[in-house]
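Okay, query15.cif is below, mmCIF, C-alpha atoms:
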data_start
#
loop_
_atom_site.label_atom_id
_atom_site.label_comp_id
_atom_site.auth_asym_id
_atom_site.auth_seq_id
_atom_site.Cartn_x
_atom_site.Cartn_y
_atom_site.Cartn_z
CA MET A 1 0.00 0.00 0.00
CA ALA A 2 2.77 2.41 0.97
CA MET A 3 4.49 1.45 -2.26
CA PHE A 4 1.52 2.42 -4.43
CA LYS A 5 1.19 5.65 -2.53
CA ALA A 6 4.85 6.45 -3.21
CA PHE A 7 4.37 5.58 -6.89
CA TYR A 8 1.34 7.83 -7.11
CA THR A 9 3.16 10.63 -5.23
CA VAL A 10 6.07 10.64 -7.68
CA VAL A 11 3.78 10.59 -10.73
CA MET A 12 1.69 13.47 -9.37
CA ARG A 13 4.79 15.38 -8.35
CA ASP A 14 6.28 15.22 -11.84
CA LEU A 15 2.98 16.12 -13.49
CA LEU A 16 2.60 19.10 -11.17
CA LEU A 17 6.15 20.23 -11.93
CA ALA A 18 5.43 19.92 -15.65
CA MET A 19 2.30 22.03 -15.24
CA ARG A 20 4.30 24.70 -13.42
CA ASN A 21 6.86 24.66 -16.22
CA ARG A 22 4.80 24.24 -19.35
CA SER A 23 7.48 25.38 -21.79
CA ASP A 24 9.20 22.03 -21.31
CA ILE A 25 6.23 20.07 -22.60
CA LEU A 26 5.62 22.47 -25.44
CA THR A 27 9.22 22.29 -26.70
CA THR A 28 8.93 18.57 -27.44
CA LEU A 29 5.49 18.95 -28.92
CA PHE A 30 6.47 21.86 -31.17
CA PHE A 31 9.52 19.97 -32.34
CA PHE A 32 7.32 17.03 -33.35
CA VAL A 33 4.81 19.24 -35.14
CA ILE A 34 7.40 21.35 -36.94
CA ALA A 35 9.61 18.44 -38.00
CA ILE A 36 6.63 16.63 -39.51
CA SER A 37 5.17 19.73 -41.13
CA LEU A 38 8.44 20.67 -42.81
CA PHE A 39 8.57 17.56 -44.98
CA PRO A 40 5.49 18.35 -47.12
CA LEU A 41 6.85 21.87 -47.60
CA GLY A 42 10.26 20.62 -48.63
CA ILE A 43 9.21 17.71 -50.80
CA GLY A 44 6.23 19.31 -52.48
CA PRO A 45 2.56 18.39 -52.59
CA GLU A 46 3.01 15.05 -54.35
CA LEU A 47 0.43 13.00 -52.43
CA ASN A 48 1.75 9.56 -53.36
CA THR A 49 5.29 10.40 -52.25
CA LEU A 50 4.02 11.91 -49.02
CA ARG A 51 1.89 8.89 -48.23
CA GLU A 52 4.88 6.64 -48.78
CA ILE A 53 7.29 8.54 -46.57
CA ALA A 54 4.74 9.32 -43.83
CA PRO A 55 5.37 6.28 -41.55
CA GLY A 56 9.11 6.85 -41.56
CA VAL A 57 8.82 10.60 -41.03
CA PHE A 58 6.37 10.24 -38.15
CA TRP A 59 8.47 7.65 -36.40
CA VAL A 60 11.77 9.43 -36.86
CA ALA A 61 10.18 12.63 -35.55
CA ALA A 62 8.72 10.76 -32.56
CA LEU A 63 12.12 9.21 -31.87
CA LEU A 64 13.94 12.54 -31.93
CA ALA A 65 11.23 14.33 -29.95
CA SER A 66 11.35 11.68 -27.25
CA MET A 67 15.13 11.93 -27.13
CA LEU A 68 14.96 15.69 -26.86
CA ALA A 69 12.86 15.32 -23.73
CA LEU A 70 15.17 12.76 -22.11
CA GLU A 71 17.68 15.26 -20.88
CA ARG A 72 15.21 16.70 -18.40
CA LEU A 73 14.08 13.34 -17.03
CA PHE A 74 16.64 13.13 -14.21
CA ALA A 75 18.93 16.14 -14.75
CA ILE A 76 16.92 18.70 -12.77
CA ASP A 77 16.29 16.31 -9.89
CA PHE A 78 19.99 15.52 -9.88
CA ALA A 79 20.99 19.18 -9.78
CA ASP A 80 18.72 20.19 -6.88
CA GLY A 81 19.41 17.10 -4.78
CA THR A 82 15.91 15.65 -4.92
CA LEU A 83 17.21 12.64 -6.83
CA GLU A 84 19.50 11.56 -4.00
CA GLN A 85 16.64 12.06 -1.55
CA LEU A 86 14.47 9.84 -3.78
CA LEU A 87 17.16 7.16 -3.76
CA LEU A 88 17.34 7.37 0.05
CA THR A 89 13.63 6.83 0.66
CA PRO A 90 12.60 3.44 2.03
CA GLN A 91 10.77 2.65 -1.22
CA PRO A 92 11.95 0.31 -3.99
CA ALA A 93 13.96 2.54 -6.32
CA THR A 94 12.75 0.67 -9.42
CA LEU A 95 9.20 1.65 -8.56
CA LEU A 96 10.11 5.32 -8.22
CA VAL A 97 11.98 5.22 -11.53
CA LEU A 98 8.97 3.59 -13.15
CA ALA A 99 6.78 6.37 -11.76
CA LYS A 100 9.10 9.03 -13.16
CA VAL A 101 9.13 7.34 -16.56
CA LEU A 102 5.33 7.06 -16.55
CA ALA A 103 4.98 10.76 -15.80
CA HIS A 104 7.56 11.55 -18.48
CA TRP A 105 5.63 9.50 -21.01
CA LEU A 106 2.32 11.15 -20.06
CA ILE A 107 3.95 14.54 -20.60
CA THR A 108 6.00 13.89 -23.73
CA GLY A 109 4.64 10.68 -25.31
CA VAL A 110 0.87 10.92 -25.07
CA PRO A 111 0.63 14.37 -26.73
CA LEU A 112 2.47 12.92 -29.76
CA VAL A 113 -0.05 10.10 -30.02
CA LEU A 114 -2.97 12.52 -29.74
CA LEU A 115 -1.57 14.95 -32.30
CA SER A 116 -0.62 12.36 -34.91
CA PRO A 117 -4.09 12.09 -36.58
CA LEU A 118 -4.13 15.81 -37.23
CA LEU A 119 -0.64 15.74 -38.69
CA GLY A 120 -1.51 12.60 -40.65
CA LEU A 121 -3.99 14.66 -42.69
CA GLN A 122 -1.07 16.63 -44.13
CA TYR A 123 0.19 13.39 -45.59
CA ASN A 124 -3.16 12.27 -46.97
CA LEU A 125 -3.10 9.12 -44.83
CA SER A 126 -6.16 6.88 -44.93
CA SER A 127 -8.10 6.42 -41.72
CA GLU A 128 -6.75 2.85 -41.32
CA ALA A 129 -3.22 4.14 -41.66
CA ILE A 130 -3.89 6.84 -39.06
CA GLN A 131 -5.34 4.25 -36.71
CA ALA A 132 -2.28 2.06 -37.17
CA LEU A 133 -0.03 5.04 -36.62
CA MET A 134 -1.76 5.95 -33.37
CA LEU A 135 -1.68 2.38 -32.15
CA THR A 136 2.00 1.93 -32.90
CA LEU A 137 2.89 5.26 -31.30
CA LEU A 138 0.82 4.31 -28.25
CA LEU A 139 2.74 1.04 -27.95
CA GLY A 140 6.11 2.35 -29.03
CA THR A 141 6.56 5.66 -27.20
CA PRO A 142 6.48 4.05 -23.70
CA SER A 143 9.35 1.80 -24.83
CA LEU A 144 11.21 4.89 -26.02
CA SER A 145 10.78 6.53 -22.60
CA LEU A 146 11.81 3.38 -20.75
CA ILE A 147 14.90 2.71 -22.86
CA GLY A 148 15.81 6.39 -22.92
CA ALA A 149 15.72 6.53 -19.12
CA ILE A 150 18.76 4.22 -19.02
CA GLY A 151 20.74 6.60 -21.22
CA ALA A 152 19.56 9.64 -19.27
CA ALA A 153 20.62 8.01 -15.99
CA LEU A 154 24.03 6.97 -17.33
CA THR A 155 24.93 10.44 -18.58
CA LEU A 156 23.80 12.36 -15.48
CA GLY A 157 26.19 15.09 -14.49
CA LEU A 158 28.46 14.61 -17.50
CA ARG A 159 29.50 17.48 -19.71
CA GLY A 160 28.04 17.10 -23.18
CA GLY A 161 25.63 14.55 -21.81
CA GLY A 162 23.06 15.41 -24.48
CA VAL A 163 25.23 14.16 -27.33
CA LEU A 164 26.23 11.09 -25.39
CA VAL A 165 22.60 10.22 -24.71
CA SER A 166 21.86 10.15 -28.42
CA LEU A 167 24.87 7.92 -29.09
CA LEU A 168 23.85 5.54 -26.31
CA VAL A 169 20.15 5.46 -26.88
CA LEU A 170 19.61 5.74 -30.64
CA PRO A 171 20.93 2.25 -31.45
CA LEU A 172 18.51 0.83 -28.88
CA TYR A 173 15.65 2.81 -30.43
CA ILE A 174 16.17 1.28 -33.88
CA PRO A 175 14.03 -1.86 -33.35
CA VAL A 176 11.13 0.34 -32.20
CA LEU A 177 11.59 2.51 -35.29
CA ILE A 178 11.69 -0.46 -37.67
CA PHE A 179 8.64 -2.21 -36.27
CA GLY A 180 6.68 1.01 -35.70
CA ALA A 181 7.18 2.37 -39.18
CA GLY A 182 6.85 -1.14 -40.62
CA ALA A 183 3.42 -1.62 -39.05
CA VAL A 184 2.08 1.57 -40.62
CA GLU A 185 3.59 0.75 -44.01
CA ALA A 186 2.11 -2.73 -43.91
CA THR A 187 -1.31 -1.25 -43.18
CA VAL A 188 -1.00 1.27 -46.01
CA SER A 189 -0.03 -1.42 -48.50
CA GLY A 190 -2.89 -3.68 -47.36
CA LEU A 191 -0.82 -6.35 -45.62
CA GLY A 192 -1.70 -7.05 -42.00
CA ALA A 193 0.24 -5.22 -39.32
CA ALA A 194 -0.40 -7.80 -36.60
CA GLY A 195 3.14 -9.21 -36.64
CA TYR A 196 4.75 -5.80 -36.31
CA ILE A 197 2.39 -4.78 -33.53
CA SER A 198 3.13 -7.98 -31.60
CA MET A 199 6.82 -7.21 -31.86
CA LEU A 200 6.23 -3.66 -30.58
CA GLY A 201 4.27 -5.13 -27.67
CA ALA A 202 7.08 -7.56 -26.94
CA ILE A 203 9.66 -4.76 -26.97
CA PHE A 204 7.45 -2.77 -24.61
CA LEU A 205 7.10 -5.64 -22.13
CA LEU A 206 10.79 -6.43 -22.25
CA SER A 207 11.78 -2.81 -21.61
CA LEU A 208 9.13 -2.50 -18.90
CA VAL A 209 10.83 -5.28 -16.95
CA MET A 210 14.48 -4.61 -17.75
CA ALA A 211 14.81 -0.85 -18.18
CA PRO A 212 13.89 0.22 -14.60
CA LEU A 213 16.47 -2.19 -13.16
CA ALA A 214 19.18 -0.89 -15.48
CA THR A 215 18.14 2.71 -14.82
CA VAL A 216 18.37 2.29 -11.05
CA ALA A 217 21.82 0.73 -11.35
CA ALA A 218 22.91 3.64 -13.55
CA LEU A 219 21.42 6.21 -11.16
CA ARG A 220 23.28 4.71 -8.20
CA VAL A 221 26.53 5.05 -10.12
CA SER A 222 25.75 8.61 -11.21
CA ALA A 223 24.67 9.70 -7.72
CA GLU A 224 28.02 8.74 -6.15
CA MET B 1 23.81 0.68 16.44
CA LEU B 2 25.85 2.25 13.64
CA GLU B 3 29.16 0.47 13.25
CA VAL B 4 31.90 1.35 10.85
CA THR B 5 34.71 -1.11 10.27
CA ASN B 6 37.91 -0.58 8.34
CA LEU B 7 36.28 1.94 6.02
CA GLU B 8 38.26 3.24 3.08
CA CYS B 9 37.37 5.89 0.52
CA ILE B 10 39.23 6.47 -2.73
CA ARG B 11 37.96 9.23 -4.99
CA GLY B 12 39.69 9.36 -8.33
CA ASP B 13 43.24 8.29 -7.44
CA ARG B 14 43.31 9.97 -4.04
CA THR B 15 42.81 8.08 -0.81
CA LEU B 16 40.65 10.30 1.41
CA PHE B 17 40.68 8.02 4.41
CA SER B 18 41.34 4.37 5.18
CA GLY B 19 41.08 2.03 8.12
CA LEU B 20 38.37 4.18 9.66
CA GLU B 21 36.61 2.56 12.64
CA PHE B 22 34.00 3.98 14.96
CA SER B 23 30.53 3.31 16.23
CA LEU B 24 27.60 5.45 17.22
CA GLU B 25 25.20 4.50 19.99
CA SER B 26 21.80 5.81 20.82
CA GLY B 27 21.84 9.31 22.34
CA GLU B 28 25.27 10.12 20.93
CA LEU B 29 26.38 13.08 18.89
CA LEU B 30 29.44 12.74 16.68
CA HIS B 31 31.05 15.88 15.37
CA LEU B 32 32.93 15.17 12.17
CA GLN B 33 35.87 17.50 11.70
CA GLY B 34 38.46 18.09 9.04
CA HIS B 35 39.79 20.68 6.64
CA ASN B 36 38.28 21.38 3.24
CA GLY B 37 38.64 18.36 1.00
CA SER B 38 39.41 15.94 3.80
CA GLY B 39 36.46 13.71 2.92
CA LYS B 40 33.76 14.70 5.41
CA THR B 41 31.02 14.83 2.81
CA SER B 42 32.30 11.63 1.18
CA LEU B 43 32.17 9.87 4.55
CA LEU B 44 28.61 11.02 5.23
CA ARG B 45 27.50 9.99 1.75
CA MET B 46 29.15 6.64 2.30
CA LEU B 47 27.37 6.19 5.63
CA CYS B 48 23.98 6.86 4.06
CA GLY B 49 24.70 4.45 1.22
CA LEU B 50 25.05 6.84 -1.72
CA ILE B 51 28.72 5.99 -2.22
CA ALA B 52 30.00 2.43 -2.16
CA PRO B 53 33.02 2.00 0.14
CA THR B 54 36.16 0.88 -1.67
CA GLN B 55 36.88 -1.27 1.37
CA GLY B 56 35.29 -2.02 4.72
CA SER B 57 31.65 -1.85 5.64
CA VAL B 58 28.96 0.08 7.46
CA HIS B 59 26.60 -1.90 9.67
CA TRP B 60 23.28 -0.71 11.03
CA LYS B 61 21.73 -2.83 13.82
CA GLY B 62 24.19 -5.56 12.88
CA ASN B 63 23.31 -5.66 9.18
CA ASN B 64 25.35 -4.33 6.29
CA ILE B 65 23.53 -1.25 4.95
CA ARG B 66 24.23 -2.20 1.35
CA ARG B 67 22.44 -5.53 1.83
CA GLN B 68 19.23 -3.99 3.13
CA ARG B 69 18.88 -0.54 1.74
CA ASP B 70 15.18 -0.08 2.38
CA GLU B 71 15.30 -1.09 6.04
CA PHE B 72 18.24 1.24 6.64
CA ALA B 73 16.61 4.07 4.67
CA ALA B 74 13.58 3.81 6.95
CA ASP B 75 15.81 4.55 9.97
CA MET B 76 17.99 7.31 8.53
CA LEU B 77 17.70 10.91 7.44
CA PHE B 78 20.46 12.47 5.36
CA LEU B 79 20.59 16.19 4.65
CA GLY B 80 23.38 17.11 2.27
CA HIS B 81 24.74 20.28 0.76
CA LEU B 82 21.89 20.34 -1.70
CA ASN B 83 18.55 21.13 -0.16
CA GLY B 84 16.68 18.43 -2.04
CA ILE B 85 13.57 20.50 -2.56
CA LYS B 86 11.94 21.52 -5.83
CA ALA B 87 12.16 25.23 -6.63
CA ASP B 88 8.84 25.21 -8.48
CA LEU B 89 6.86 23.72 -5.61
CA THR B 90 5.76 25.50 -2.46
CA ALA B 91 7.26 24.71 0.93
CA VAL B 92 4.15 22.77 1.96
CA GLU B 93 4.09 20.75 -1.26
CA ASN B 94 7.77 19.92 -0.94
CA LEU B 95 7.37 18.71 2.63
CA ARG B 96 4.19 16.78 1.84
CA ILE B 97 5.92 14.89 -0.98
CA LEU B 98 8.98 14.12 1.12
CA CYS B 99 6.81 12.88 3.99
CA GLN B 100 4.71 10.66 1.73
CA LEU B 101 7.79 9.13 0.13
CA ASN B 102 9.31 8.46 3.52
CA GLY B 103 6.14 6.78 4.71
CA LEU B 104 5.14 9.49 7.17
CA ASP B 105 1.46 10.15 7.50
CA ILE B 106 1.25 13.81 8.37
CA SER B 107 -1.72 16.13 7.97
CA ASP B 108 -1.46 19.40 6.08
CA GLU B 109 -2.27 21.30 9.27
CA ASN B 110 0.76 19.73 10.87
CA LEU B 111 2.95 20.72 7.94
CA TRP B 112 1.85 24.34 8.23
CA GLN B 113 2.56 24.29 11.96
CA VAL B 114 6.04 22.90 11.45
CA LEU B 115 6.84 25.52 8.82
CA GLU B 116 5.61 28.21 11.18
CA LYS B 117 7.90 26.82 13.87
CA MET B 118 10.78 27.03 11.42
CA GLY B 119 10.06 30.74 11.06
CA LEU B 120 8.48 30.52 7.63
CA TYR B 121 5.12 31.97 8.60
CA GLY B 122 3.57 33.63 5.54
CA HIS B 123 5.95 31.84 3.17
CA GLU B 124 4.39 28.37 3.27
CA ASP B 125 2.45 28.90 0.07
CA LEU B 126 5.13 30.50 -2.08
CA PRO B 127 7.22 28.63 -4.62
CA VAL B 128 10.50 27.83 -2.89
CA ARG B 129 12.30 29.58 -5.77
CA VAL B 130 11.41 33.03 -4.41
CA LEU B 131 12.72 32.29 -0.92
CA SER B 132 16.19 33.29 0.26
CA GLN B 133 19.02 30.78 0.74
CA GLY B 134 18.46 30.67 4.48
CA GLN B 135 14.71 30.23 4.07
CA LYS B 136 15.25 27.37 1.63
CA ARG B 137 17.54 25.76 4.17
CA ARG B 138 14.82 26.18 6.80
CA VAL B 139 12.33 24.37 4.57
CA THR B 140 14.77 21.47 4.28
CA LEU B 141 15.48 21.45 8.00
CA ALA B 142 11.74 21.36 8.76
CA ARG B 143 12.07 17.68 7.89
CA LEU B 144 13.97 17.19 11.14
CA LEU B 145 10.90 18.28 13.10
CA LEU B 146 8.71 15.80 11.23
CA SER B 147 11.09 12.86 11.15
CA LYS B 148 10.70 9.89 13.44
CA VAL B 149 13.93 8.16 12.45
CA PRO B 150 16.76 7.55 14.95
CA LEU B 151 19.79 8.38 12.80
CA TRP B 152 20.43 11.87 11.43
CA LEU B 153 23.36 12.51 9.11
CA LEU B 154 23.70 16.25 8.64
CA ASP B 155 26.22 17.79 6.26
CA GLU B 156 26.80 21.43 7.22
CA PRO B 157 23.27 21.96 8.57
CA PHE B 158 24.02 25.48 9.85
CA THR B 159 25.12 27.08 6.57
CA SER B 160 23.21 30.20 5.52
CA LEU B 161 21.07 30.14 8.67
CA ASP B 162 20.79 33.24 10.86
CA LYS B 163 21.73 33.16 14.53
CA ALA B 164 18.21 32.51 15.81
CA ALA B 165 17.75 29.60 13.42
CA VAL B 166 21.11 28.13 14.41
CA ASP B 167 20.07 28.26 18.08
CA PHE B 168 16.70 26.70 17.31
CA LEU B 169 18.30 23.93 15.28
CA GLN B 170 20.64 23.17 18.16
CA THR B 171 17.73 22.70 20.55
CA VAL B 172 16.05 20.42 17.98
CA ILE B 173 19.20 18.32 17.74
CA ALA B 174 19.61 18.26 21.52
CA GLU B 175 16.01 17.08 21.97
CA HIS B 176 16.54 14.37 19.39
CA LEU B 177 19.59 13.15 21.31
CA GLU B 178 17.65 13.17 24.57
CA ASP B 179 15.01 11.00 22.95
CA GLY B 180 17.71 8.45 22.20
CA GLY B 181 18.46 9.52 18.66
CA MET B 182 21.85 9.60 16.99
CA VAL B 183 23.32 12.54 15.15
CA MET B 184 26.44 12.85 13.09
CA LEU B 185 27.18 16.28 11.70
CA THR B 186 29.84 18.40 10.12
CA THR B 187 30.13 22.12 10.69
CA HIS B 188 32.79 24.77 10.47
CA GLN B 189 30.78 27.16 12.58
CA GLU B 190 31.45 27.56 16.28
CA VAL B 191 28.25 26.39 17.90
CA ALA B 192 27.51 25.57 21.53
CA LEU B 193 26.45 22.08 20.55
CA THR B 194 29.88 21.03 19.36
CA THR B 195 31.92 22.71 22.06
CA GLY B 196 32.22 20.95 25.40
CA GLU B 197 32.13 17.22 25.79
CA VAL B 198 31.27 15.93 22.37
CA ARG B 199 32.69 12.96 20.55
CA GLN B 200 34.81 14.07 17.65
CA LEU B 201 36.12 12.35 14.61
CA ARG B 202 38.92 14.02 12.74
CA LEU B 203 39.70 13.44 9.08
CA GLY B 204 42.67 14.67 7.08
CA TRP B 205 46.32 15.27 7.66
CA LYS B 206 46.49 19.00 8.46
CA ARG B 207 46.83 20.37 11.98
CA ASP B 208 44.62 23.08 13.44
CA GLY B 209 45.51 26.49 12.08
CA ASP B 210 47.18 25.26 8.89
CA VAL B 211 45.70 26.66 5.72
#
Show me, as structure tokens, the structure contained in the file I just sent.
Amino acid sequence: MAMFKAFYTVVMRDLLLAMRNRSDILTTLFFFVIAISLFPLGIGPELNTLREIAPGVFWVAALLASMLALERLFAIDFADGTLEQLLLTPQPATLLVLAKVLAHWLITGVPLVLLSPLLGLQYNLSSEAIQALMLTLLLGTPSLSLIGAIGAALTLGLRGGGVLVSLLVLPLYIPVLIFGAGAVEATVSGLGAAGYISMLGAIFLLSLVMAPLATVAALRVSAE
Amino acid sequence: MLEVTNLECIRGDRTLFSGLEFSLESGELLHLQGHNGSGKTSLLRMLCGLIAPTQGSVHWKGNNIRRQRDEFAADMLFLGHLNGIKADLTAVENLRILCQLNGLDISDENLWQVLEKMGLYGHEDLPVRVLSQGQKRRVTLARLLLSKVPLWLLDEPFTSLDKAAVDFLQTVIAEHLEDGGMVMLTTHQEVALTTGEVRQLRLGWKRDGDV
């Protein structure tokens, strides 16, 4: 019971902090919107081309947007000492990390999922394709947050940590990118996306179990 | 209760201390002394489990603290150089979150009272960001009034406090000791608490008066 209360406390704390500091949420969101909107402008209004590149563009933009937000996941807590106080509470650290990642995903992942149908219209995506896109983003972005948390924890307090995070985390993001974009493409071309979506689900479950453990280990090293 | 055996700390390639042995029993105050860079903060962070000792061990109630983190965390309060409060939250919100995470069930009324006792009347509802250094420190130290844990590890608790707050904090610490608590602290300030008959632990190689 105390554990769930602690989990809930951390989630609410991070959401409250995000509400007090809205520019952080908006940065990621604007990046996503702008990156996706630039492609039709640059490539031209050729609908067939746009429809073909849409899955890749959406997923690459989601990947980069989620990475952009990673830096703030632990860095501020580390700088003001709340992170070490979190690690010293009598609660399982994996649970607290999971709570922080959940809040992070609610702030930076969910808005991407909700905005994607609107942006999909720019690419003349069919309603099935938009549905597939939303579903894959819904399944894939939590994995991005979970995996990214490991990189964010490892690079805490390092100079040039932002660049290092991308080097560490991007290779791990690639499976999510391949299966996420693949699922949408398969839907567009009329093949079933079930296989891709199962893989995304599997990646999500695997990272849900493994990533918090790795993140806690990394945080303990960084907090020394 | 707290037992330290053969503790060694190496940061980078420098040995800060080695072969350190002491114990702390209930009702005892240990004043940790040493010049700048002698490893006082490192020792305190090692005792609370944030830094892994390069050698030796720290035992709490007979158990190694690295084997049972959660049990030890439930008995210990560490206040470091950083205040550990969020600048965007108010003093009450900060305390409420810290209490909930540490498993303390404390009503909001109680939180307001404690903050008033800490001399923050009228500032409870402001974002901590707008408070002065000393007031921020007072918010952090309000945790001492709420805590029910026996072991306090305090790293420079008196910094940026005014004289009245320093005196108040000393009575809080003295009461905690009377109730059978344990306190280990570092301070460079001359306070009544650490003069007189107090156990001292000295780190470093410099003598008094050397710069």
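Here atom CA of Ser116 of chain A and atom CA of Ala65 of chain A stand 13.0 Å from one another.
The part of chain B that reaches within 6 Å of chain A is made up of Leu50, Ile51, Asp70, Ala73, Ala74, Leu82, Gly84, Ile85, Leu101 and Asn102 of chain B, counting only C-alpha atoms.
Closest approach to Leu47 of chain A among A:Met1, A:Leu26, A:Leu121, A:Leu95 is made by A:Leu121 (distances from only C-alpha atoms).
You will find atom CA of Glu71 of chain A at 29.1 Å from atom CA of Pro40 of chain A.
Residue membership of the PyMOL selection byres ((chain B and resi 81) around 8) in the shown file amounts to Leu79, Gly80, Leu82, Asn83, Asp155 and Glu156 of chain B.
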Suppose we keep C-alpha atoms; can you now write the selection as a short mmCIF file (atom, residue, chain, number, x, y, z; two decimals), in the frame of the given file?
data_model
loop_
_atom_site.label_atom_id
_atom_site.label_comp_id
_atom_site.auth_asym_id
_atom_site.auth_seq_id
_atom_site.Cartn_x
_atom_site.Cartn_y
_atom_site.Cartn_z
CA LEU B 79 20.59 16.19 4.65
CA GLY B 80 23.38 17.11 2.27
CA LEU B 82 21.89 20.34 -1.70
CA ASN B 83 18.55 21.13 -0.16
CA ASP B 155 26.22 17.79 6.26
CA GLU B 156 26.80 21.43 7.22
#
Apply the PyMOL selection byres ((chain A and resi 145) around 12) to the displayed file and report the matching residues as a PyMOL selection string. chain A and resi 62-73+97-110+137-144+146-153+169-170+172-173+176+204+207-208+211-212+215
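What the PyMOL selection byres ((chain B and resi 128) around 10) matches in the given file is Ile85, Lys86, Ala87, Asp88, Leu89, Thr90, Ala91, Val92, Glu93, Asn94, His123, Glu124, Asp125, Leu126, Pro127, Arg129, Val130, Leu131, Ser132, Gln133, Gln135, Lys136 and Val139 of chain B.
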Output C-alpha atoms of each residue in that selection to a file, as a PDB file, in the frame of the given file.
ATOM      1  CA  ILE B  85      13.570  20.500  -2.560  1.00  0.00           C
ATOM      2  CA  LYS B  86      11.940  21.520  -5.830  1.00  0.00           C
ATOM      3  CA  ALA B  87      12.160  25.230  -6.630  1.00  0.00           C
ATOM      4  CA  ASP B  88       8.840  25.210  -8.480  1.00  0.00           C
ATOM      5  CA  LEU B  89       6.860  23.720  -5.610  1.00  0.00           C
ATOM      6  CA  THR B  90       5.760  25.500  -2.460  1.00  0.00           C
ATOM      7  CA  ALA B  91       7.260  24.710   0.930  1.00  0.00           C
ATOM      8  CA  VAL B  92       4.150  22.770   1.960  1.00  0.00           C
ATOM      9  CA  GLU B  93       4.090  20.750  -1.260  1.00  0.00           C
ATOM     10  CA  ASN B  94       7.770  19.920  -0.940  1.00  0.00           C
ATOM     11  CA  HIS B 123       5.950  31.840   3.170  1.00  0.00           C
ATOM     12  CA  GLU B 124       4.390  28.370   3.270  1.00  0.00           C
ATOM     13  CA  ASP B 125       2.450  28.900   0.070  1.00  0.00           C
ATOM     14  CA  LEU B 126       5.130  30.500  -2.080  1.00  0.00           C
ATOM     15  CA  PRO B 127       7.220  28.630  -4.620  1.00  0.00           C
ATOM     16  CA  ARG B 129      12.300  29.580  -5.770  1.00  0.00           C
ATOM     17  CA  VAL B 130      11.410  33.030  -4.410  1.00  0.00           C
ATOM     18  CA  LEU B 131      12.720  32.290  -0.920  1.00  0.00           C
ATOM     19  CA  SER B 132      16.190  33.290   0.260  1.00  0.00           C
ATOM     20  CA  GLN B 133      19.020  30.780   0.740  1.00  0.00           C
ATOM     21  CA  GLN B 135      14.710  30.230   4.070  1.00  0.00           C
ATOM     22  CA  LYS B 136      15.250  27.370   1.630  1.00  0.00           C
ATOM     23  CA  VAL B 139      12.330  24.370   4.570  1.00  0.00           C
TER      24      VAL B 139
END
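For the pair atom CA of Arg159 of chain A and atom CA of Phe78 of chain B, the separation is 27.1 Å.
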Segment 186-193 of chain B: which residues within 8 Å, counting only C-alpha atoms, same-chain residues fewer than 3 positions away excluded, as a ChimeraX atom specification? /B:31-33,40,154-158,170,174,196
Show me, as a PDB file with C-alpha atoms, in the frame of the given file, the residues that have an atom within 12 Å of Lys117 of chain B when counting all atoms listed in the file, minus same-chain residues fewer than 6 positions from it.
ATOM      1  CA  ASN B 110       0.760  19.730  10.870  1.00  0.00           C
ATOM      2  CA  LEU B 111       2.950  20.720   7.940  1.00  0.00           C
ATOM      3  CA  HIS B 123       5.950  31.840   3.170  1.00  0.00           C
ATOM      4  CA  GLU B 124       4.390  28.370   3.270  1.00  0.00           C
ATOM      5  CA  ARG B 138      14.820  26.180   6.800  1.00  0.00           C
ATOM      6  CA  VAL B 139      12.330  24.370   4.570  1.00  0.00           C
ATOM      7  CA  LEU B 141      15.480  21.450   8.000  1.00  0.00           C
ATOM      8  CA  ALA B 142      11.740  21.360   8.760  1.00  0.00           C
ATOM      9  CA  ARG B 143      12.070  17.680   7.890  1.00  0.00           C
ATOM     10  CA  LEU B 144      13.970  17.190  11.140  1.00  0.00           C
ATOM     11  CA  LEU B 145      10.900  18.280  13.100  1.00  0.00           C
ATOM     12  CA  LEU B 146       8.710  15.800  11.230  1.00  0.00           C
ATOM     13  CA  ALA B 164      18.210  32.510  15.810  1.00  0.00           C
ATOM     14  CA  ALA B 165      17.750  29.600  13.420  1.00  0.00           C
ATOM     15  CA  PHE B 168      16.700  26.700  17.310  1.00  0.00           C
ATOM     16  CA  LEU B 169      18.300  23.930  15.280  1.00  0.00           C
ATOM     17  CA  VAL B 172      16.050  20.420  17.980  1.00  0.00           C
TER      18      VAL B 172
END
